[in-house]
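Dropping target.pdb in here (PDB, C-alpha atoms):
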```pdb
MODEL        1
ATOM      1  CA  MET A   1       8.729  27.547 -11.823
ATOM      2  CA  PRO A   2       7.228  24.761  -9.672
ATOM      3  CA  GLY A   3       8.929  21.394  -9.891
ATOM      4  CA  ARG A   4       7.422  18.046 -10.822
ATOM      5  CA  PRO A   5       4.551  17.043  -8.511
ATOM      6  CA  VAL A   6       5.474  13.916  -6.539
ATOM      7  CA  ILE A   7       2.770  11.862  -4.860
ATOM      8  CA  VAL A   8       3.525  11.130  -1.210
ATOM      9  CA  THR A   9       1.622   8.110   0.081
ATOM     10  CA  VAL A  10       1.402   7.526   3.812
ATOM     11  CA  ALA A  11       0.823   3.980   5.078
ATOM     12  CA  PRO A  12      -0.026   4.660   8.723
ATOM     13  CA  THR A  13      -1.046   1.291  10.142
ATOM     14  CA  GLY A  14      -0.317  -1.913   8.190
ATOM     15  CA  GLY A  15      -1.717  -5.275   9.158
ATOM     16  CA  MET A  16       0.492  -6.481  11.993
ATOM     17  CA  LEU A  17       1.955  -3.992  14.496
ATOM     18  CA  THR A  18      -0.011  -3.392  17.691
ATOM     19  CA  PRO A  19       0.175  -0.489  20.170
ATOM     20  CA  ALA A  20       1.954  -2.859  22.557
ATOM     21  CA  GLN A  21       4.750  -3.168  19.984
ATOM     22  CA  HIS A  22       4.812   0.433  18.743
ATOM     23  CA  PRO A  23       3.617   3.502  20.670
ATOM     24  CA  HIS A  24       2.659   5.542  17.602
ATOM     25  CA  VAL A  25       0.740   3.062  15.410
ATOM     26  CA  PRO A  26      -2.908   4.112  14.946
ATOM     27  CA  THR A  27      -5.272   1.143  14.755
ATOM     28  CA  GLN A  28      -8.779   2.490  15.426
ATOM     29  CA  PRO A  29     -10.783   4.513  12.880
ATOM     30  CA  GLY A  30     -10.605   7.841  14.689
ATOM     31  CA  GLN A  31      -6.885   7.447  15.415
ATOM     32  CA  ILE A  32      -6.142   6.585  11.790
ATOM     33  CA  ALA A  33      -8.157   9.553  10.510
ATOM     34  CA  GLU A  34      -6.414  12.019  12.836
ATOM     35  CA  ASP A  35      -2.981  10.684  11.891
ATOM     36  CA  VAL A  36      -3.762  10.827   8.162
ATOM     37  CA  ALA A  37      -5.035  14.401   8.513
ATOM     38  CA  ARG A  38      -1.748  15.480  10.118
ATOM     39  CA  CYS A  39       0.189  13.776   7.333
ATOM     40  CA  ALA A  40      -2.006  15.359   4.645
ATOM     41  CA  ALA A  41      -1.308  18.806   6.101
ATOM     42  CA  ALA A  42       2.410  17.995   5.784
ATOM     43  CA  GLY A  43       2.190  16.968   2.115
ATOM     44  CA  ALA A  44       0.762  13.454   1.803
ATOM     45  CA  SER A  45      -1.897  13.120  -0.894
ATOM     46  CA  VAL A  46      -2.622   9.349  -0.721
ATOM     47  CA  ALA A  47      -3.439   7.264   2.356
ATOM     48  CA  ALA A  48      -2.828   3.497   2.141
ATOM     49  CA  LEU A  49      -5.138   2.131   4.806
ATOM     50  CA  HIS A  50      -5.482  -1.146   6.672
ATOM     51  CA  ALA A  51      -8.462  -1.914   8.915
ATOM     52  CA  ARG A  52      -8.292  -3.305  12.443
ATOM     53  CA  ARG A  53     -10.805  -4.670  14.906
ATOM     54  CA  PRO A  54     -11.239  -3.083  18.362
ATOM     55  CA  ASP A  55      -8.721  -5.661  19.679
ATOM     56  CA  HIS A  56      -6.191  -4.352  17.072
ATOM     57  CA  ALA A  57      -6.290  -7.591  15.032
ATOM     58  CA  ALA A  58      -6.501  -7.372  11.246
ATOM     59  CA  THR A  59      -9.731  -7.319   9.247
ATOM     60  CA  CYS A  60     -11.057  -6.363   5.823
ATOM     61  CA  ASP A  61     -14.575  -5.855   7.193
ATOM     62  CA  PRO A  62     -16.115  -3.316   4.789
ATOM     63  CA  ALA A  63     -18.051  -1.684   7.659
ATOM     64  CA  VAL A  64     -14.768  -0.907   9.431
ATOM     65  CA  TYR A  65     -13.207   0.335   6.202
ATOM     66  CA  ARG A  66     -16.224   2.533   5.481
ATOM     67  CA  GLU A  67     -15.936   4.128   8.915
ATOM     68  CA  ILE A  68     -12.214   4.781   8.435
ATOM     69  CA  ASN A  69     -12.714   6.138   4.914
ATOM     70  CA  GLU A  70     -15.530   8.447   5.995
ATOM     71  CA  LEU A  71     -13.596   9.823   8.969
ATOM     72  CA  VAL A  72     -10.488  10.387   6.831
ATOM     73  CA  ARG A  73     -12.470  12.220   4.155
ATOM     74  CA  ARG A  74     -14.171  14.373   6.781
ATOM     75  CA  ARG A  75     -10.838  15.570   8.073
ATOM     76  CA  CYS A  76      -8.801  15.986   4.902
ATOM     77  CA  ASP A  77      -8.708  15.614   1.132
ATOM     78  CA  VAL A  78      -6.603  12.594   0.212
ATOM     79  CA  VAL A  79      -6.852   9.697  -2.222
ATOM     80  CA  VAL A  80      -8.085   6.743  -0.165
ATOM     81  CA  ASN A  81      -6.507   3.329  -0.792
ATOM     82  CA  ASN A  82      -7.816   0.212   0.984
ATOM     83  CA  SER A  83      -5.703  -2.908   1.367
ATOM     84  CA  THR A  84      -7.172  -6.242   0.308
ATOM     85  CA  GLY A  85      -4.176  -8.078   1.740
ATOM     86  CA  GLY A  86      -5.163  -7.439   5.332
ATOM     87  CA  GLY A  87      -2.767  -9.095   7.732
ATOM     88  CA  LEU A  88      -1.780 -12.330   9.444
ATOM     89  CA  ASN A  89      -4.216 -12.472  12.334
ATOM     90  CA  GLY A  90      -7.773 -11.694  13.340
ATOM     91  CA  ASP A  91     -10.402 -12.048  10.620
ATOM     92  CA  MET A  92      -7.774 -12.453   7.926
ATOM     93  CA  VAL A  93      -6.575 -15.949   8.793
ATOM     94  CA  ARG A  94      -8.313 -19.311   8.809
ATOM     95  CA  ASP A  95      -6.901 -22.716   9.608
ATOM     96  CA  THR A  96      -7.267 -25.359   6.913
ATOM     97  CA  GLY A  97      -5.942 -28.217   9.016
ATOM     98  CA  TYR A  98      -2.783 -28.045   6.903
ATOM     99  CA  GLY A  99      -1.686 -24.670   8.210
ATOM    100  CA  PRO A 100      -3.055 -21.109   8.308
ATOM    101  CA  VAL A 101      -4.065 -19.275   5.128
ATOM    102  CA  VAL A 102      -5.143 -15.701   4.398
ATOM    103  CA  ASP A 103      -8.905 -15.835   3.858
ATOM    104  CA  HIS A 104     -10.154 -15.163   0.321
ATOM    105  CA  ALA A 105     -13.599 -14.009   1.470
ATOM    106  CA  GLN A 106     -12.067 -11.350   3.698
ATOM    107  CA  ARG A 107      -9.817 -10.110   0.909
ATOM    108  CA  LEU A 108     -12.805  -9.782  -1.415
ATOM    109  CA  ALA A 109     -14.796  -7.986   1.268
ATOM    110  CA  GLY A 110     -12.201  -5.220   1.369
ATOM    111  CA  ALA A 111     -13.039  -4.186  -2.187
ATOM    112  CA  GLY A 112     -16.479  -2.816  -1.385
ATOM    113  CA  ALA A 113     -15.915   0.020   1.054
ATOM    114  CA  GLY A 114     -15.829   2.999  -1.305
ATOM    115  CA  ALA A 115     -12.079   3.530  -1.643
ATOM    116  CA  ASP A 116     -10.595   5.349  -4.628
ATOM    117  CA  THR A 117      -8.060   2.547  -5.140
ATOM    118  CA  CYS A 118      -7.595  -0.955  -3.714
ATOM    119  CA  THR A 119      -4.446  -3.031  -3.577
ATOM    120  CA  LEU A 120      -4.343  -5.831  -6.134
ATOM    121  CA  ASP A 121      -1.864  -8.341  -4.735
ATOM    122  CA  THR A 122      -1.342 -11.267  -7.081
ATOM    123  CA  ILE A 123       1.417 -12.771  -4.955
ATOM    124  CA  THR A 124       1.258 -16.385  -3.778
ATOM    125  CA  ALA A 125       3.747 -16.872  -0.975
ATOM    126  CA  TYR A 126       4.307 -17.926   2.564
ATOM    127  CA  VAL A 127       4.383 -14.859   4.806
ATOM    128  CA  SER A 128       6.337 -14.931   8.067
ATOM    129  CA  GLY A 129       4.692 -13.551  11.187
ATOM    130  CA  PRO A 130       4.915 -13.892  14.972
ATOM    131  CA  ASP A 131       3.054 -17.223  14.840
ATOM    132  CA  GLY A 132       5.044 -18.753  11.993
ATOM    133  CA  GLU A 133       4.303 -18.889   8.273
ATOM    134  CA  THR A 134       0.893 -18.190   6.752
ATOM    135  CA  LEU A 135       0.055 -18.925   3.127
ATOM    136  CA  MET A 136      -1.177 -15.973   1.085
ATOM    137  CA  SER A 137      -2.620 -17.719  -1.950
ATOM    138  CA  THR A 138      -3.697 -15.836  -5.061
ATOM    139  CA  PRO A 139      -4.476 -18.326  -7.826
ATOM    140  CA  ARG A 140      -5.403 -16.916 -11.222
ATOM    141  CA  TRP A 141      -9.140 -17.415 -10.715
ATOM    142  CA  PHE A 142      -9.054 -15.468  -7.459
ATOM    143  CA  ALA A 143      -6.965 -12.655  -8.910
ATOM    144  CA  ARG A 144      -9.644 -12.251 -11.588
ATOM    145  CA  ARG A 145     -12.380 -12.195  -8.948
ATOM    146  CA  LEU A 146     -10.523  -9.499  -7.031
ATOM    147  CA  ALA A 147      -9.977  -7.377 -10.141
ATOM    148  CA  ALA A 148     -13.626  -7.776 -11.142
ATOM    149  CA  ALA A 149     -14.741  -6.795  -7.628
ATOM    150  CA  PHE A 150     -12.697  -3.590  -7.852
ATOM    151  CA  ARG A 151     -14.286  -2.709 -11.184
ATOM    152  CA  GLU A 152     -17.771  -3.378  -9.820
ATOM    153  CA  ALA A 153     -17.054  -1.182  -6.788
ATOM    154  CA  GLY A 154     -15.636   1.638  -8.924
ATOM    155  CA  ALA A 155     -12.165   1.372  -7.364
ATOM    156  CA  LYS A 156      -9.002   1.515  -9.449
ATOM    157  CA  PRO A 157      -6.498  -1.293  -8.796
ATOM    158  CA  GLU A 158      -3.143  -0.467  -7.292
ATOM    159  CA  TRP A 159      -0.894  -3.215  -8.646
ATOM    160  CA  GLU A 160       1.416  -4.270  -5.827
ATOM    161  CA  VAL A 161       4.570  -5.657  -7.387
ATOM    162  CA  PHE A 162       6.859  -7.854  -5.300
ATOM    163  CA  ASN A 163       8.750  -9.440  -8.197
ATOM    164  CA  PRO A 164       8.975  -9.164 -12.009
ATOM    165  CA  ALA A 165       6.384 -11.897 -12.641
ATOM    166  CA  HIS A 166       3.689  -9.597 -11.284
ATOM    167  CA  LEU A 167       4.534  -7.127 -14.062
ATOM    168  CA  LEU A 168       5.292  -9.529 -16.880
ATOM    169  CA  VAL A 169       2.652 -12.227 -16.282
ATOM    170  CA  ASP A 170      -0.115 -11.115 -13.921
ATOM    171  CA  MET A 171      -0.658  -7.570 -15.197
ATOM    172  CA  PRO A 172      -1.117  -8.603 -18.840
ATOM    173  CA  GLU A 173      -3.565 -11.333 -17.802
ATOM    174  CA  LEU A 174      -5.702  -8.891 -15.776
ATOM    175  CA  ILE A 175      -5.191  -5.608 -17.598
ATOM    176  CA  GLU A 176      -8.714  -5.784 -19.089
ATOM    177  CA  PHE A 177     -10.008  -4.808 -15.633
ATOM    178  CA  ASP A 178      -8.038  -1.546 -15.626
ATOM    179  CA  ARG A 179      -7.344   1.449 -17.811
ATOM    180  CA  PRO A 180      -4.287   3.686 -18.092
ATOM    181  CA  PRO A 181      -2.665   5.216 -16.204
ATOM    182  CA  TYR A 182      -1.873   1.951 -14.433
ATOM    183  CA  VAL A 183      -1.084   2.534 -10.763
ATOM    184  CA  VAL A 184       1.896   0.391  -9.712
ATOM    185  CA  ASN A 185       3.491   0.119  -6.276
ATOM    186  CA  PHE A 186       6.901  -1.563  -6.083
ATOM    187  CA  VAL A 187       7.159  -3.230  -2.655
ATOM    188  CA  LEU A 188      10.830  -3.809  -1.852
ATOM    189  CA  ASN A 189      12.802  -5.071   1.162
ATOM    190  CA  GLN A 190       9.990  -7.378   2.258
ATOM    191  CA  HIS A 191      11.988 -10.474   1.292
ATOM    192  CA  GLY A 192      12.462 -11.375   4.975
ATOM    193  CA  THR A 193       8.680 -11.563   5.389
ATOM    194  CA  PHE A 194       7.234 -12.454   1.967
ATOM    195  CA  GLN A 195       8.615 -15.455   0.125
ATOM    196  CA  ASN A 196       9.363 -14.505  -3.519
ATOM    197  CA  ALA A 197       9.731 -10.784  -2.704
ATOM    198  CA  LEU A 198      12.781  -8.748  -3.704
ATOM    199  CA  PRO A 199      15.271  -6.729  -1.680
ATOM    200  CA  TYR A 200      15.944  -3.147  -2.638
ATOM    201  CA  THR A 201      19.068  -2.517  -4.683
ATOM    202  CA  PRO A 202      19.543   0.214  -7.283
ATOM    203  CA  ALA A 203      19.686  -2.449 -10.003
ATOM    204  CA  VAL A 204      16.465  -4.108  -8.810
ATOM    205  CA  LEU A 205      14.468  -0.877  -8.809
ATOM    206  CA  ARG A 206      15.888   0.258 -12.142
ATOM    207  CA  GLY A 207      15.100  -3.144 -13.653
ATOM    208  CA  LEU A 208      11.491  -3.048 -12.449
ATOM    209  CA  VAL A 209      11.004   0.435 -13.858
ATOM    210  CA  ASP A 210      12.310  -0.791 -17.206
ATOM    211  CA  LEU A 211       9.595  -3.496 -17.198
ATOM    212  CA  LEU A 212       6.662  -1.128 -16.599
ATOM    213  CA  PRO A 213       3.936  -1.205 -19.245
ATOM    214  CA  ALA A 214       3.298   1.952 -21.234
ATOM    215  CA  GLY A 215       1.031   4.307 -19.356
ATOM    216  CA  ALA A 216       2.064   3.197 -15.855
ATOM    217  CA  VAL A 217       2.688   5.471 -12.877
ATOM    218  CA  PHE A 218       4.880   3.972 -10.164
ATOM    219  CA  THR A 219       5.454   4.460  -6.473
ATOM    220  CA  ALA A 220       8.361   2.955  -4.539
ATOM    221  CA  THR A 221       7.777   1.381  -1.140
ATOM    222  CA  VAL A 222      11.147   0.584   0.421
ATOM    223  CA  CYS A 223      10.633  -1.144   3.756
ATOM    224  CA  GLY A 224      13.018  -1.079   6.682
ATOM    225  CA  PRO A 225      14.807   1.496   8.814
ATOM    226  CA  ASP A 226      16.528   3.370   5.961
ATOM    227  CA  PRO A 227      14.211   3.747   2.954
ATOM    228  CA  LEU A 228      15.673   7.045   1.730
ATOM    229  CA  PRO A 229      18.253   5.691  -0.762
ATOM    230  CA  GLY A 230      15.522   3.799  -2.594
ATOM    231  CA  LEU A 231      13.052   6.680  -2.405
ATOM    232  CA  VAL A 232      15.640   9.115  -3.754
ATOM    233  CA  GLN A 233      16.326   6.745  -6.656
ATOM    234  CA  ALA A 234      12.587   6.532  -7.323
ATOM    235  CA  LEU A 235      12.482  10.328  -7.572
ATOM    236  CA  ASP A 236      15.414  10.284  -9.984
ATOM    237  CA  LEU A 237      13.578   7.691 -12.126
ATOM    238  CA  GLY A 238      10.431   9.828 -12.308
ATOM    239  CA  GLY A 239       8.433   7.966  -9.690
ATOM    240  CA  HIS A 240       6.552   8.661  -6.494
ATOM    241  CA  VAL A 241       7.172   7.644  -2.870
ATOM    242  CA  ARG A 242       5.486   5.910   0.053
ATOM    243  CA  VAL A 243       6.395   6.163   3.733
ATOM    244  CA  GLY A 244       4.820   5.284   7.074
ATOM    245  CA  ILE A 245       4.784   2.995  10.080
ATOM    246  CA  GLU A 246       3.549   0.065   7.982
ATOM    247  CA  ASP A 247       6.809   0.074   6.044
ATOM    248  CA  SER A 248       9.355   1.659   8.416
ATOM    249  CA  PRO A 249       8.186   1.475  12.015
ATOM    250  CA  PHE A 250      11.662   1.917  13.561
ATOM    251  CA  ASP A 251      14.777   3.840  12.583
ATOM    252  CA  ALA A 252      18.276   2.362  12.420
ATOM    253  CA  ASP A 253      18.702   2.875  16.190
ATOM    254  CA  GLY A 254      15.449   1.054  16.947
ATOM    255  CA  ARG A 255      13.550   4.244  17.798
ATOM    256  CA  PRO A 256       9.822   4.112  16.961
ATOM    257  CA  MET A 257       9.063   6.641  14.218
ATOM    258  CA  THR A 258       5.817   8.537  13.694
ATOM    259  CA  ASN A 259       3.992   8.797  10.405
ATOM    260  CA  LEU A 260       4.180  12.593  10.494
ATOM    261  CA  GLU A 261       7.950  12.745  10.855
ATOM    262  CA  GLN A 262       8.366  10.317   7.962
ATOM    263  CA  VAL A 263       6.135  12.441   5.717
ATOM    264  CA  GLU A 264       7.900  15.643   6.743
ATOM    265  CA  ARG A 265      11.300  14.094   6.045
ATOM    266  CA  VAL A 266      10.415  12.795   2.585
ATOM    267  CA  VAL A 267       8.762  16.120   1.638
ATOM    268  CA  GLU A 268      12.054  17.830   2.487
ATOM    269  CA  VAL A 269      13.900  15.335   0.265
ATOM    270  CA  ILE A 270      11.409  15.940  -2.558
ATOM    271  CA  ARG A 271      11.951  19.700  -2.370
ATOM    272  CA  ASP A 272      15.726  19.245  -2.228
ATOM    273  CA  HIS A 273      15.337  17.453  -5.586
ATOM    274  CA  GLY A 274      13.578  20.436  -7.135
ATOM    275  CA  CYS A 275      10.146  18.807  -6.963
ATOM    276  CA  GLU A 276       7.013  19.517  -4.952
ATOM    277  CA  PRO A 277       4.645  17.199  -3.050
ATOM    278  CA  ALA A 278       1.568  16.689  -5.213
ATOM    279  CA  THR A 279      -1.715  18.141  -4.063
ATOM    280  CA  PRO A 280      -4.640  15.704  -3.831
ATOM    281  CA  GLU A 281      -6.011  17.224  -7.042
ATOM    282  CA  GLN A 282      -2.695  16.624  -8.814
ATOM    283  CA  ALA A 283      -2.497  13.095  -7.400
ATOM    284  CA  ARG A 284      -5.950  12.251  -8.761
ATOM    285  CA  ALA A 285      -4.981  13.575 -12.177
ATOM    286  CA  LEU A 286      -1.726  11.597 -12.193
ATOM    287  CA  LEU A 287      -3.495   8.412 -11.099
ATOM    288  CA  GLY A 288      -6.420   8.759 -13.497
ATOM    289  CA  LEU A 289      -9.026   9.163 -10.759
ATOM    290  CA  LYS A 290     -12.183  11.224 -10.694
ATOM    291  CA  GLU A 291     -12.190  14.480  -8.780
ATOM    292  CA  ALA A 292     -13.312  14.287  -5.171
ATOM    293  CA  ALA A 293     -17.004  14.716  -4.605
TER     294      ALA A 293
ENDMDL
END
```

Output the file's structure as structure tokens, nothing else.
Amino acid sequence: MPGRPVIVTVAPTGGMLTPAQHPHVPTQPGQIAEDVARCAAAGASVAALHARRPDHAATCDPAVYREINELVRRRCDVVVNNSTGGGLNGDMVRDTGYGPVVDHAQRLAGAGAGADTCTLDTITAYVSGPDGETLMSTPRWFARRLAAAFREAGAKPEWEVFNPAHLLVDMPELIEFDRPPYVVNFVLNQHGTFQNALPYTPAVLRGLVDLLPAGAVFTATVCGPDPLPGLVQALDLGGHVRVGIEDSPFDADGRPMTNLEQVERVVEVIRDHGCEPATPEQARALLGLKEAA
């Protein structure tokens, strides 16, 4: 009898790494689509996408996202997720005179490119990058604007949770913009980059799962060179898993990893646990999404 279907999300690009820093990171629309297609053939059913300009800098330009989304959908059947966090350079950052901030207009622009889901980041924190700290500010009024923009665009929010307040405070305040099943992504081990984020420990992940609202489906993103202990625990707790260069660009020896090898490895772990990687159809059903056109 087939085991429980587990959604494998691949995050191929992220908002910061460039080809000069990592030989396998895809940044241009065609590269991203080809990489996602290889990962989908290996068992990924969700693609968590970031957009980049031709110079590899970050953007949430909906025209760029639309090109990426269209090319991905031409090559494979996956659930398409677009980031509205962006990155720490390029179009995403503006200087206020008091220090750099992540641009609200760019984040809003990312909602309108036809994705199935969009990341709803309610975090307000300083984020460390190569050029120092950049403020990612999400006041309540802006979080509501983002959530409303997703609803208008027909995209389901993916609630990115960096700490318990995002579950206990922000979700209840914005839940009117969503419907169950609520799609939650626990982002762990980003505490060295995002102020107010949490490291991964078994107690941290178990505690977050205990705080989930009824009707939520969760994925674990465990950043760093060794995500497997956290991903295995997520499987044991009934959750789903995310891998990719965005989260784990290098292994413990500093070797650059590919997206495909990370998907293949986690699919093997899933099967060793008596489960199966979810098909895109199963992923849509689990996430409460419409069938693909």

message: From the options A:Asp55, A:Asp226, A:Asp251, A:Asp35, which residue's atoms come nearest to Tyr200 (chain A), counting all atoms listed in the file?
response: A:Asp226

message: Suppose a student applies the PyMOL selection byres ((chain A and resi 137) around 7) to this structure; what residues should they get, written as a PyMOL selection string?
response: chain A and resi 124-125+135-136+138-139

Which of A:Ala40, A:Val101, A:Ile32, A:Ala147 sits closest to Glu67 (chain A) [using all atoms listed in the file]: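 Of A:Ala40, A:Val101, A:Ile32, A:Ala147, the one nearest Glu67 (chain A) is A:Ile32, counting all atoms listed in the file.
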
task: Output the residue selection produced by the PyMOL selection byres ((chain A and resi 273-290) around 8) on the file above, formatted as a count of residues only.
output: 29

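If you apply the PyMOL selection byres ((chain A and resi 157-160) around 6) to this structure, you end up with A:Thr117, A:Cys118, A:Thr119, A:Leu120, A:Asp121, A:Lys156, A:Val161, A:Val183, A:Val184, A:Asn185.
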
message: Just to confirm, what's the straight-line distance from CA of Thr201 (chain A) to CA of Ala214 (chain A) in Å (one decimal)?
response: 23.3 Å

How about completing region 185-194 of chain A with all heavy atoms and giving it to me as a PDB file, keeping the file's coordinate frame?
```
ATOM      1  N   ASN A 185       2.711  -0.094  -7.493  1.00  0.00           N
ATOM      2  CA  ASN A 185       3.491   0.119  -6.276  1.00  0.00           C
ATOM      3  C   ASN A 185       4.542  -0.982  -6.168  1.00  0.00           C
ATOM      4  O   ASN A 185       4.191  -2.157  -6.008  1.00  0.00           O
ATOM      5  CB  ASN A 185       2.572   0.107  -5.051  1.00  0.00           C
ATOM      6  CG  ASN A 185       3.335   0.259  -3.747  1.00  0.00           C
ATOM      7  OD1 ASN A 185       4.393   0.878  -3.704  1.00  0.00           O
ATOM      8  ND2 ASN A 185       2.805  -0.309  -2.683  1.00  0.00           N
ATOM      9  N   PHE A 186       5.815  -0.604  -6.268  1.00  0.00           N
ATOM     10  CA  PHE A 186       6.901  -1.563  -6.083  1.00  0.00           C
ATOM     11  C   PHE A 186       7.160  -1.736  -4.587  1.00  0.00           C
ATOM     12  O   PHE A 186       7.538  -0.772  -3.904  1.00  0.00           O
ATOM     13  CB  PHE A 186       8.185  -1.073  -6.758  1.00  0.00           C
ATOM     14  CG  PHE A 186       8.106  -0.989  -8.250  1.00  0.00           C
ATOM     15  CD1 PHE A 186       8.610   0.120  -8.923  1.00  0.00           C
ATOM     16  CD2 PHE A 186       7.556  -2.008  -9.000  1.00  0.00           C
ATOM     17  CE1 PHE A 186       8.555   0.200 -10.297  1.00  0.00           C
ATOM     18  CE2 PHE A 186       7.488  -1.935 -10.379  1.00  0.00           C
ATOM     19  CZ  PHE A 186       7.989  -0.824 -11.032  1.00  0.00           C
ATOM     20  N   VAL A 187       6.951  -2.949  -4.077  1.00  0.00           N
ATOM     21  CA  VAL A 187       7.159  -3.230  -2.655  1.00  0.00           C
ATOM     22  C   VAL A 187       8.489  -3.959  -2.514  1.00  0.00           C
ATOM     23  O   VAL A 187       8.615  -5.126  -2.905  1.00  0.00           O
ATOM     24  CB  VAL A 187       6.006  -4.083  -2.083  1.00  0.00           C
ATOM     25  CG1 VAL A 187       6.212  -4.288  -0.586  1.00  0.00           C
ATOM     26  CG2 VAL A 187       4.659  -3.405  -2.349  1.00  0.00           C
ATOM     27  N   LEU A 188       9.475  -3.273  -1.940  1.00  0.00           N
ATOM     28  CA  LEU A 188      10.830  -3.809  -1.852  1.00  0.00           C
ATOM     29  C   LEU A 188      11.273  -3.928  -0.390  1.00  0.00           C
ATOM     30  O   LEU A 188      10.758  -3.247   0.492  1.00  0.00           O
ATOM     31  CB  LEU A 188      11.795  -2.900  -2.618  1.00  0.00           C
ATOM     32  CG  LEU A 188      11.478  -2.766  -4.117  1.00  0.00           C
ATOM     33  CD1 LEU A 188      12.367  -1.701  -4.755  1.00  0.00           C
ATOM     34  CD2 LEU A 188      11.645  -4.103  -4.836  1.00  0.00           C
ATOM     35  N   ASN A 189      12.244  -4.791  -0.169  1.00  0.00           N
ATOM     36  CA  ASN A 189      12.802  -5.071   1.162  1.00  0.00           C
ATOM     37  C   ASN A 189      11.809  -5.791   2.068  1.00  0.00           C
ATOM     38  O   ASN A 189      11.924  -5.721   3.288  1.00  0.00           O
ATOM     39  CB  ASN A 189      13.285  -3.788   1.856  1.00  0.00           C
ATOM     40  CG  ASN A 189      14.734  -3.487   1.531  1.00  0.00           C
ATOM     41  OD1 ASN A 189      15.397  -4.247   0.826  1.00  0.00           O
ATOM     42  ND2 ASN A 189      15.229  -2.363   2.026  1.00  0.00           N
ATOM     43  N   GLN A 190      10.867  -6.519   1.470  1.00  0.00           N
ATOM     44  CA  GLN A 190       9.990  -7.378   2.258  1.00  0.00           C
ATOM     45  C   GLN A 190      10.366  -8.848   2.091  1.00  0.00           C
ATOM     46  O   GLN A 190       9.589  -9.733   2.432  1.00  0.00           O
ATOM     47  CB  GLN A 190       8.519  -7.175   1.833  1.00  0.00           C
ATOM     48  CG  GLN A 190       7.871  -5.954   2.439  1.00  0.00           C
ATOM     49  CD  GLN A 190       7.453  -6.164   3.886  1.00  0.00           C
ATOM     50  OE1 GLN A 190       8.047  -6.942   4.615  1.00  0.00           O
ATOM     51  NE2 GLN A 190       6.422  -5.471   4.312  1.00  0.00           N
ATOM     52  N   HIS A 191      11.574  -9.094   1.567  1.00  0.00           N
ATOM     53  CA  HIS A 191      11.988 -10.474   1.292  1.00  0.00           C
ATOM     54  C   HIS A 191      12.184 -11.289   2.569  1.00  0.00           C
ATOM     55  O   HIS A 191      12.169 -12.519   2.520  1.00  0.00           O
ATOM     56  CB  HIS A 191      13.270 -10.485   0.457  1.00  0.00           C
ATOM     57  CG  HIS A 191      14.394  -9.694   1.058  1.00  0.00           C
ATOM     58  ND1 HIS A 191      14.348  -8.316   1.180  1.00  0.00           N
ATOM     59  CD2 HIS A 191      15.596 -10.080   1.574  1.00  0.00           C
ATOM     60  CE1 HIS A 191      15.483  -7.892   1.737  1.00  0.00           C
ATOM     61  NE2 HIS A 191      16.241  -8.954   1.992  1.00  0.00           N
ATOM     62  N   GLY A 192      12.368 -10.641   3.721  1.00  0.00           N
ATOM     63  CA  GLY A 192      12.462 -11.375   4.975  1.00  0.00           C
ATOM     64  C   GLY A 192      11.111 -11.823   5.494  1.00  0.00           C
ATOM     65  O   GLY A 192      11.031 -12.694   6.370  1.00  0.00           O
ATOM     66  N   THR A 193      10.039 -11.242   4.948  1.00  0.00           N
ATOM     67  CA  THR A 193       8.680 -11.563   5.389  1.00  0.00           C
ATOM     68  C   THR A 193       7.903 -12.319   4.325  1.00  0.00           C
ATOM     69  O   THR A 193       7.244 -13.320   4.616  1.00  0.00           O
ATOM     70  CB  THR A 193       7.933 -10.260   5.759  1.00  0.00           C
ATOM     71  OG1 THR A 193       8.665  -9.579   6.783  1.00  0.00           O
ATOM     72  CG2 THR A 193       6.524 -10.553   6.241  1.00  0.00           C
ATOM     73  N   PHE A 194       7.965 -11.846   3.076  1.00  0.00           N
ATOM     74  CA  PHE A 194       7.234 -12.454   1.967  1.00  0.00           C
ATOM     75  C   PHE A 194       8.175 -13.304   1.127  1.00  0.00           C
ATOM     76  O   PHE A 194       9.138 -12.788   0.543  1.00  0.00           O
ATOM     77  CB  PHE A 194       6.625 -11.373   1.062  1.00  0.00           C
ATOM     78  CG  PHE A 194       5.414 -10.700   1.625  1.00  0.00           C
ATOM     79  CD1 PHE A 194       5.538  -9.690   2.566  1.00  0.00           C
ATOM     80  CD2 PHE A 194       4.136 -11.055   1.200  1.00  0.00           C
ATOM     81  CE1 PHE A 194       4.430  -9.053   3.084  1.00  0.00           C
ATOM     82  CE2 PHE A 194       3.016 -10.423   1.708  1.00  0.00           C
ATOM     83  CZ  PHE A 194       3.158  -9.422   2.658  1.00  0.00           C
TER      84      PHE A 194
END
```
